[in-house]
$ cat input-v9.tsv   # TSV, C-alpha atoms (C1' of nucleotides)
chain	number	residue	atom	x	y	z
A	669	MET	CA	-20.38	-165.47	10.20
A	670	ARG	CA	-22.74	-162.85	11.54
A	671	SER	CA	-20.10	-160.15	12.07
A	672	ASP	CA	-16.37	-159.49	12.29
A	673	CYS	CA	-16.42	-158.77	16.03
A	674	PRO	CA	-13.75	-160.80	17.86
A	675	LEU	CA	-16.25	-161.78	20.54
A	676	ASN	CA	-18.74	-162.98	17.99
A	677	TYR	CA	-16.14	-165.18	16.32
A	678	GLY	CA	-15.58	-167.40	19.35
A	679	ILE	CA	-19.24	-167.34	20.28
A	680	GLU	CA	-20.32	-168.63	16.88
A	681	ILE	CA	-17.78	-171.43	16.85
A	682	PHE	CA	-17.88	-173.07	20.27
A	683	CYS	CA	-20.67	-171.45	22.27
A	684	ASP	CA	-23.29	-174.12	22.08
A	685	LYS	CA	-24.25	-176.26	24.98
A	686	TRP	CA	-22.81	-179.53	23.69
A	687	SER	CA	-19.46	-178.39	22.26
A	688	LEU	CA	-18.31	-176.90	25.54
A	689	LEU	CA	-19.31	-180.04	27.45
A	690	ILE	CA	-17.28	-182.21	25.06
A	691	ILE	CA	-14.28	-179.93	25.59
A	692	ARG	CA	-14.81	-180.13	29.36
A	693	ASP	CA	-14.80	-183.94	29.15
A	694	LEU	CA	-11.54	-183.88	27.21
A	695	MET	CA	-9.92	-181.39	29.58
A	696	PHE	CA	-10.93	-182.65	32.98
A	697	PHE	CA	-12.47	-186.10	32.84
A	698	GLY	CA	-9.94	-187.92	30.67
A	699	LYS	CA	-12.54	-188.89	28.10
A	700	ARG	CA	-11.17	-189.81	24.69
A	701	TYR	CA	-13.70	-192.15	23.03
A	702	TYR	CA	-17.10	-191.68	21.42
A	703	ASN	CA	-18.80	-193.97	23.93
A	704	GLU	CA	-17.24	-192.11	26.83
A	705	PHE	CA	-18.74	-188.81	25.68
A	706	LEU	CA	-22.11	-190.52	25.29
A	707	GLY	CA	-21.87	-191.65	28.90
A	708	SER	CA	-21.60	-188.17	30.45
A	709	ASP	CA	-24.21	-186.99	32.93
A	710	GLU	CA	-25.85	-184.63	30.44
A	711	HIS	CA	-26.72	-187.46	27.99
A	712	ILE	CA	-25.95	-186.01	24.59
A	713	ALA	CA	-27.81	-187.69	21.71
A	714	THR	CA	-25.58	-189.77	19.45
A	715	ASN	CA	-26.38	-187.84	16.26
A	716	LEU	CA	-25.57	-184.55	17.95
A	717	LEU	CA	-22.33	-185.94	19.34
A	718	ALA	CA	-21.27	-187.03	15.86
A	719	ASP	CA	-22.20	-183.62	14.49
A	720	ARG	CA	-20.27	-181.69	17.15
A	721	LEU	CA	-17.16	-183.88	16.94
A	722	ALA	CA	-17.07	-183.33	13.19
A	723	MET	CA	-17.50	-179.58	13.64
A	724	LEU	CA	-14.81	-179.33	16.34
A	725	GLU	CA	-12.44	-181.32	14.17
A	726	LYS	CA	-13.17	-179.12	11.17
A	727	GLU	CA	-12.41	-176.06	13.33
A	728	LYS	CA	-9.19	-177.77	14.47
A	729	ILE	CA	-10.17	-177.62	18.13
A	730	ILE	CA	-9.91	-181.41	18.43
A	731	ARG	CA	-8.21	-184.11	16.35
A	732	LYS	CA	-9.12	-187.73	15.55
A	733	ALA	CA	-6.75	-190.69	15.49
A	734	ARG	CA	-7.03	-194.48	15.37
A	735	ASP	CA	-6.21	-196.16	18.66
A	736	ALA	CA	-2.89	-198.01	18.49
A	737	GLN	CA	-4.10	-201.01	20.50
A	738	HIS	CA	-7.73	-201.34	19.40
A	739	LYS	CA	-7.92	-200.57	15.72
A	740	GLN	CA	-11.67	-200.20	15.69
A	741	LYS	CA	-11.47	-197.44	18.30
A	742	ILE	CA	-10.95	-193.76	17.55
A	743	VAL	CA	-9.13	-191.47	19.98
A	744	TYR	CA	-10.13	-187.81	20.25
A	745	SER	CA	-7.75	-185.24	21.71
A	746	LEU	CA	-7.40	-181.46	22.02
A	747	THR	CA	-5.26	-179.42	19.66
A	748	GLU	CA	-3.40	-176.32	20.86
A	749	LYS	CA	-6.40	-174.30	19.68
A	750	GLY	CA	-8.59	-176.50	21.86
A	751	ILE	CA	-6.32	-176.32	24.90
A	752	ASP	CA	-6.44	-172.53	24.57
A	753	LEU	CA	-10.13	-172.72	25.44
A	754	LEU	CA	-9.13	-173.55	29.02
A	755	PRO	CA	-9.49	-169.92	30.26
A	756	VAL	CA	-13.02	-169.80	28.86
A	757	ILE	CA	-13.98	-173.05	30.55
A	758	LEU	CA	-12.43	-172.04	33.87
A	759	THR	CA	-14.07	-168.62	33.97
A	760	ILE	CA	-17.46	-170.17	33.25
A	761	GLY	CA	-16.85	-172.58	36.12
A	762	LEU	CA	-15.78	-169.84	38.52
A	763	TRP	CA	-18.85	-167.78	37.66
A	764	SER	CA	-21.09	-170.79	38.22
A	765	GLU	CA	-19.58	-171.57	41.61
A	766	LYS	CA	-20.14	-167.99	42.70
A	767	HIS	CA	-23.65	-167.52	41.34
A	768	ALA	CA	-25.35	-170.90	41.05
A	769	THR	CA	-28.84	-171.06	42.49
A	770	ILE	CA	-28.85	-174.86	42.52
A	771	GLU	CA	-26.66	-177.19	44.54
A	772	LEU	CA	-23.56	-178.12	42.55
A	773	ASN	CA	-21.58	-181.34	42.67
A	774	PRO	CA	-18.90	-180.75	45.33
A	775	ASN	CA	-16.69	-183.51	43.88
A	776	ARG	CA	-15.96	-181.21	40.98
A	777	ASP	CA	-14.56	-178.35	43.06
A	778	ILE	CA	-11.13	-179.80	42.37
A	779	ILE	CA	-11.36	-178.69	38.72
A	780	LEU	CA	-11.51	-175.06	39.75
A	781	SER	CA	-9.26	-175.04	42.83
A	782	ASP	CA	-6.11	-173.92	40.97
A	783	ALA	CA	-7.96	-171.17	39.12
A	784	LYS	CA	-9.67	-169.97	42.28
A	785	LYS	CA	-6.39	-169.27	44.03
A	786	ASN	CA	-4.82	-167.38	41.10
A	787	LEU	CA	-6.46	-167.34	37.70
A	788	SER	CA	-3.39	-166.71	35.55
A	789	LYS	CA	-1.22	-169.19	37.43
A	790	GLY	CA	-3.97	-171.80	37.40
A	791	ILE	CA	-4.35	-171.42	33.63
A	792	LYS	CA	-0.61	-171.91	33.14
A	793	LYS	CA	-0.44	-174.95	35.39
A	794	ILE	CA	-3.39	-176.76	33.82
A	795	THR	CA	-2.31	-175.80	30.29
A	796	LYS	CA	1.02	-177.51	30.90
A	797	ARG	CA	-0.77	-180.67	32.01
A	798	LEU	CA	-3.09	-180.60	29.01
A	799	ILE	CA	-0.21	-180.19	26.55
A	800	ALA	CA	1.44	-183.25	28.08
A	801	GLN	CA	-1.79	-185.26	27.92
A	802	HIS	CA	-2.89	-184.27	24.45
A	803	SER	CA	0.31	-184.15	22.42
A	804	LYS	CA	0.16	-186.70	19.63
B	742	MET	CA	-30.89	-178.60	34.40
B	743	ARG	CA	-29.03	-181.41	32.70
B	744	SER	CA	-26.52	-182.04	35.51
B	745	ASP	CA	-25.06	-180.56	38.70
B	746	CYS	CA	-21.63	-179.90	37.16
B	747	PRO	CA	-20.49	-176.31	37.83
B	748	LEU	CA	-19.42	-175.93	34.20
B	749	ASN	CA	-22.76	-177.10	32.94
B	750	TYR	CA	-24.60	-174.59	35.11
B	751	GLY	CA	-23.10	-171.54	33.42
B	752	ILE	CA	-23.24	-173.14	30.02
B	753	GLU	CA	-26.97	-173.81	30.26
B	754	ILE	CA	-27.77	-170.30	31.45
B	755	PHE	CA	-25.82	-167.91	29.23
B	756	CYS	CA	-24.05	-169.94	26.55
B	757	ASP	CA	-26.22	-169.23	23.60
B	758	LYS	CA	-25.20	-167.04	20.75
B	759	TRP	CA	-27.59	-164.18	21.42
B	760	SER	CA	-27.34	-163.83	25.20
B	761	LEU	CA	-23.59	-163.33	25.12
B	762	LEU	CA	-23.87	-160.73	22.38
B	763	ILE	CA	-26.43	-158.77	24.41
B	764	ILE	CA	-24.07	-158.86	27.39
B	765	ARG	CA	-21.21	-157.71	25.16
B	766	ASP	CA	-23.33	-154.76	23.97
B	767	LEU	CA	-24.06	-153.78	27.58
B	768	MET	CA	-20.44	-154.14	28.65
B	769	PHE	CA	-18.53	-152.52	25.80
B	770	PHE	CA	-20.80	-150.63	23.46
B	771	GLY	CA	-22.87	-148.65	25.95
B	772	LYS	CA	-26.15	-150.02	24.67
B	773	ARG	CA	-29.06	-149.76	27.06
B	774	TYR	CA	-32.28	-149.74	24.98
B	775	TYR	CA	-34.22	-152.39	23.06
B	776	ASN	CA	-33.74	-150.63	19.75
B	777	GLU	CA	-30.01	-150.33	20.32
B	778	PHE	CA	-29.66	-154.09	20.72
B	779	LEU	CA	-31.70	-154.59	17.55
B	780	GLY	CA	-29.24	-152.37	15.70
B	781	SER	CA	-26.12	-154.44	16.39
B	782	ASP	CA	-24.14	-155.88	13.49
B	783	GLU	CA	-25.41	-159.41	14.09
B	784	HIS	CA	-29.10	-158.45	13.58
B	785	ILE	CA	-30.94	-160.34	16.26
B	786	ALA	CA	-34.63	-160.92	15.50
B	787	THR	CA	-36.99	-158.92	17.66
B	788	ASN	CA	-38.82	-161.92	19.09
B	789	LEU	CA	-35.53	-163.54	20.10
B	790	LEU	CA	-34.30	-160.31	21.68
B	791	ALA	CA	-37.46	-160.07	23.78
B	792	ASP	CA	-37.08	-163.71	24.79
B	793	ARG	CA	-33.43	-163.36	25.80
B	794	LEU	CA	-33.92	-160.11	27.70
B	795	ALA	CA	-36.70	-161.75	29.70
B	796	MET	CA	-34.52	-164.79	30.40
B	797	LEU	CA	-31.49	-162.71	31.44
B	798	GLU	CA	-33.69	-160.65	33.72
B	799	LYS	CA	-35.20	-163.78	35.26
B	800	GLU	CA	-31.67	-165.08	35.90
B	801	LYS	CA	-30.79	-161.69	37.45
B	802	ILE	CA	-27.96	-161.07	34.99
B	803	ILE	CA	-29.59	-157.85	33.81
B	804	ARG	CA	-32.24	-155.54	35.25
B	805	LYS	CA	-34.97	-153.40	33.68
B	806	ALA	CA	-35.94	-149.88	34.67
B	807	ARG	CA	-38.04	-147.08	33.23
B	808	ASP	CA	-36.04	-144.22	31.80
B	809	ALA	CA	-36.29	-141.11	33.96
B	810	GLN	CA	-36.51	-138.67	31.01
B	811	HIS	CA	-38.49	-140.68	28.45
B	812	LYS	CA	-41.18	-142.61	30.25
B	813	GLN	CA	-41.91	-144.85	27.31
B	814	LYS	CA	-38.30	-146.03	27.22
B	815	ILE	CA	-36.90	-148.92	29.24
B	816	VAL	CA	-33.27	-148.98	30.36
B	817	TYR	CA	-31.45	-152.28	30.66
B	818	SER	CA	-28.31	-152.62	32.78
B	819	LEU	CA	-26.03	-155.31	34.18
B	820	THR	CA	-26.38	-156.62	37.72
B	821	GLU	CA	-23.34	-157.72	39.72
B	822	LYS	CA	-24.03	-161.25	38.48
B	823	GLY	CA	-23.92	-159.91	34.95
B	824	ILE	CA	-20.76	-157.87	35.46
B	825	ASP	CA	-19.11	-161.04	36.79
B	826	LEU	CA	-19.44	-162.49	33.29
B	827	LEU	CA	-16.67	-160.12	32.17
B	828	PRO	CA	-13.89	-162.75	32.51
B	829	VAL	CA	-15.86	-165.13	30.31
B	830	ILE	CA	-16.40	-162.48	27.65
B	831	LEU	CA	-12.75	-161.37	27.73
B	832	THR	CA	-11.34	-164.90	27.48
B	833	ILE	CA	-13.59	-165.64	24.51
B	834	GLY	CA	-12.31	-162.46	22.88
B	835	LEU	CA	-8.68	-163.29	23.57
B	836	TRP	CA	-9.11	-166.78	22.14
B	837	SER	CA	-10.76	-165.35	19.04
B	838	GLU	CA	-7.99	-162.83	18.43
B	839	LYS	CA	-5.41	-165.58	18.67
B	840	HIS	CA	-7.16	-168.20	16.58
B	841	ALA	CA	-9.58	-166.51	14.20
B	842	THR	CA	-9.37	-167.68	10.61
B	843	ILE	CA	-11.28	-164.67	9.30
B	844	GLU	CA	-10.28	-161.04	9.40
B	845	LEU	CA	-11.57	-159.38	12.56
B	846	ASN	CA	-12.64	-155.78	13.04
B	847	PRO	CA	-9.47	-153.96	14.19
B	848	ASN	CA	-11.51	-151.14	15.73
B	849	ARG	CA	-12.54	-153.55	18.45
B	850	ASP	CA	-9.03	-154.40	19.62
B	851	ILE	CA	-9.45	-151.73	22.27
B	852	ILE	CA	-11.91	-153.95	24.13
B	853	LEU	CA	-9.25	-156.55	24.74
B	854	SER	CA	-6.16	-154.37	25.17
B	855	ASP	CA	-6.29	-154.27	28.98
B	856	ALA	CA	-6.86	-158.00	29.24
B	857	LYS	CA	-4.09	-158.77	26.78
B	858	LYS	CA	-1.46	-157.07	28.92
B	859	ASN	CA	-2.50	-158.74	32.16
B	860	LEU	CA	-5.69	-160.75	32.42
B	861	SER	CA	-6.36	-160.40	36.15
B	862	LYS	CA	-5.53	-156.70	36.22
B	863	GLY	CA	-7.59	-156.07	33.10
B	864	ILE	CA	-10.57	-157.81	34.67
B	865	LYS	CA	-10.28	-155.68	37.80
B	866	LYS	CA	-9.95	-152.43	35.88
B	867	ILE	CA	-12.91	-153.02	33.59
B	868	THR	CA	-15.04	-154.41	36.43
B	869	LYS	CA	-14.58	-151.16	38.30
B	870	ARG	CA	-15.73	-149.21	35.26
B	871	LEU	CA	-18.75	-151.45	34.78
B	872	ILE	CA	-19.83	-151.13	38.40
B	873	ALA	CA	-19.72	-147.35	38.02
B	874	GLN	CA	-21.69	-147.45	34.78
B	875	HIS	CA	-24.33	-149.97	35.81
B	876	SER	CA	-25.14	-149.10	39.41
B	877	LYS	CA	-28.77	-148.11	39.71
C	1231	DG	C1'	-18.93	-218.41	12.34
C	1232	DC	C1'	-21.39	-216.40	16.00
C	1233	DT	C1'	-21.75	-212.62	19.22
C	1234	DA	C1'	-20.57	-208.38	21.11
C	1235	DC	C1'	-18.70	-203.90	20.61
C	1236	DC	C1'	-17.33	-199.77	18.09
C	1237	DG	C1'	-18.41	-195.31	15.86
C	1238	DC	C1'	-21.51	-193.73	13.68
C	1239	DT	C1'	-26.24	-192.90	10.29
C	1240	DT	C1'	-31.16	-192.65	9.48
C	1241	DG	C1'	-36.01	-191.65	10.48
C	1242	DT	C1'	-39.52	-189.17	12.98
C	1243	DG	C1'	-41.77	-185.96	15.93
C	1244	DT	C1'	-40.99	-181.76	18.73
C	1245	DT	C1'	-38.82	-177.45	19.80
C	1246	DT	C1'	-36.31	-173.40	18.52
C	1247	DT	C1'	-35.03	-170.08	15.24
C	1248	DG	C1'	-35.44	-166.44	11.69
C	1249	DC	C1'	-38.13	-163.38	9.22
C	1250	DA	C1'	-42.13	-160.42	8.46
C	1251	DA	C1'	-45.97	-158.12	9.95
C	1252	DG	C1'	-48.76	-156.11	13.42
C	1253	DT	C1'	-50.01	-153.79	18.07
C	1254	DA	C1'	-50.69	-150.92	22.34
C	1255	DG	C1'	-48.98	-147.14	24.72
C	1256	DT	C1'	-46.16	-142.61	24.52
C	1257	DT	C1'	-44.22	-138.61	22.69
C	1258	DA	C1'	-43.51	-134.72	19.23
C	1259	DA	C1'	-44.96	-131.95	15.72
C	1260	DA	C1'	-48.80	-129.52	12.91
D	339	DT	C1'	-56.12	-131.42	19.09
D	340	DT	C1'	-55.32	-134.33	15.69
D	341	DT	C1'	-51.73	-136.94	13.59
D	342	DA	C1'	-47.55	-139.06	12.71
D	343	DA	C1'	-43.67	-141.27	14.57
D	344	DC	C1'	-41.45	-143.91	18.03
D	345	DT	C1'	-41.21	-147.29	21.79
D	346	DA	C1'	-41.06	-152.07	23.37
D	347	DC	C1'	-42.73	-155.61	22.28
D	348	DT	C1'	-46.30	-159.86	20.23
D	349	DT	C1'	-47.99	-162.99	16.67
D	350	DG	C1'	-47.82	-166.14	12.64
D	351	DC	C1'	-45.43	-169.10	9.80
D	352	DA	C1'	-41.81	-171.70	7.40
D	353	DA	C1'	-37.26	-173.68	8.00
D	354	DA	C1'	-33.73	-175.44	10.78
D	355	DA	C1'	-32.02	-177.74	14.84
D	356	DC	C1'	-32.82	-180.92	18.47
D	357	DA	C1'	-34.07	-185.29	20.95
D	358	DC	C1'	-35.10	-189.92	20.92
D	359	DA	C1'	-35.09	-194.50	18.98
D	360	DA	C1'	-33.64	-197.79	15.86
D	361	DG	C1'	-30.44	-199.60	12.60
D	362	DC	C1'	-25.87	-200.47	10.26
D	363	DG	C1'	-21.14	-201.62	8.56
D	364	DG	C1'	-16.75	-202.76	10.25
D	365	DT	C1'	-13.66	-204.89	13.90
D	366	DA	C1'	-12.51	-208.20	17.65
D	367	DG	C1'	-12.85	-212.09	20.67
D	368	DC	C1'	-14.39	-216.74	21.39
$ encode --input "input-v9.tsv" --output "structure tokens"
Amino acid sequence: MRSDCPLNYGIEIFCDKWSLLIIRDLMFFGKRYYNEFLGSDEHIATNLLADRLAMLEKEKIIRKARDAQHKQKIVYSLTEKGIDLLPVILTIGLWSEKHATIELNPNRDIILSDAKKNLSKGIKKITKRLIAQHSK
Amino acid sequence: MRSDCPLNYGIEIFCDKWSLLIIRDLMFFGKRYYNEFLGSDEHIATNLLADRLAMLEKEKIIRKARDAQHKQKIVYSLTEKGIDLLPVILTIGLWSEKHATIELNPNRDIILSDAKKNLSKGIKKITKRLIAQHSK
DNA sequence: GCTACCGCTTGTGTTTTGCAAGTAGTTAAA
DNA sequence: TTTAACTACTTGCAAAACACAAGCGGTAGC
């Protein structure tokens, strides 16, 4: 770790381009399987996906489990530590909507609509949903 | 740009380890000069600092100006677009304080104290201060 | 028993990073 | 007025990370 600054701690752990997109996929797009992450618009390379999933699991931001139905499949889900990244994800999204210089996908406005009205309330509402969706 | 997702937009622009630390230094530690950024605990390399400052200026997150007193010096400051990154920085800090597995610098708690009490109010209060400090 | 699918791993070339050294212009002191 | 120090960088190079393609061992269905 480069320093003991609280900001630096989070930055070093999850602030790379791919980790945050994986967390986004888990939070908002219902993705749970390796192949689903591979299929996202940003086209992560398979070796990098494997690397990031292992790192996020090691940091206890996500967890792995075998799928009950299909035994060859592995289900990824967010831990409480991972769900707590919601405010970070939402504030990045709100900043982007305000300041983007390219045209953004309007279908994804829905992700931010709760947070746009009232940040703290939006965080609480979506957190509740995520806890329900990602509890073991 | 890898996709038109609003989350991806912000992530691609400022989510690298050094850019966010430079923004932190501008927001909370009163740093304004090249040498001051070089002196931070995390020890950014000088070529990377030059690269990131140029990128952040191009993205209009920071601005450059000659120092009025010392003509050889260049003052960096946050634009409105840069100040609007405050919620991102604060939520990363709050997450780190809650979940860090290493011992963090207690002297830096002060940065997060306003946000800890009430996130939205803390954002407003610190934003006001930053606007005062970084207006041309 | 063949074929397809699943979550990866491996190999290779390119890009980015990290470190050290150097540079052009400016200021301060001798 | 020369000189030394300071400023914001630039350059060179080795090591690490990334991006792309191909391959691989273990299910699962037919």
$ interface_residues --input "input-v9.tsv" --of "chain D" --to "chain B" --cutoff "12 Å" --atoms "all atoms listed in the file" --output "list in words"
DC344, DT345, DA346, DC347, DT348, DT349 and DG350 of chain D
$ residues_around --input "input-v9.tsv" --residues "stretch 351-353 of chain D" --least-positions-apart "6" --cutoff "12 Å" --atoms "all atoms listed in the file" --output "NGL selection string"
:C and (1246-1251)
$ residues_around --input "input-v9.tsv" --residues "C:DA1259" --least-positions-apart "3" --cutoff "10 Å" --atoms "all atoms listed in the file" --output "mmCIF file with C-alpha atoms (C1' of nucleotides), in the coordinates of the input"
data_model
loop_
_atom_site.group_PDB
_atom_site.id
_atom_site.type_symbol
_atom_site.label_atom_id
_atom_site.label_comp_id
_atom_site.auth_asym_id
_atom_site.auth_seq_id
_atom_site.Cartn_x
_atom_site.Cartn_y
_atom_site.Cartn_z
ATOM 1 C "C1'" DT D 341 -51.730 -136.940 13.590
ATOM 2 C "C1'" DA D 342 -47.550 -139.060 12.710
ATOM 3 C "C1'" DA D 343 -43.670 -141.270 14.570
#
$ interface_residues --input "input-v9.tsv" --of "chain C" --to "chain A" --cutoff "9 Å" --atoms "all atoms listed in the file" --output "PyMOL selection string"
chain C and resi 1236-1239
$ atom_distance --input "input-v9.tsv" --atom1 "atom CA of B:Ala806" --atom2 "atom CA of B:Leu827"
22.0 Å
$ atom_distance --input "input-v9.tsv" --atom1 "atom CA of B:Asp825" --atom2 "atom CA of B:Ala873"
13.8 Å
$ residues_around --input "input-v9.tsv" --residues "A:Ala713" --least-positions-apart "6" --cutoff "9 Å" --atoms "only C-alpha atoms (C1' of nucleotides)" --output "list in words"
Leu706 of chain A; DA357 and DC358 of chain D
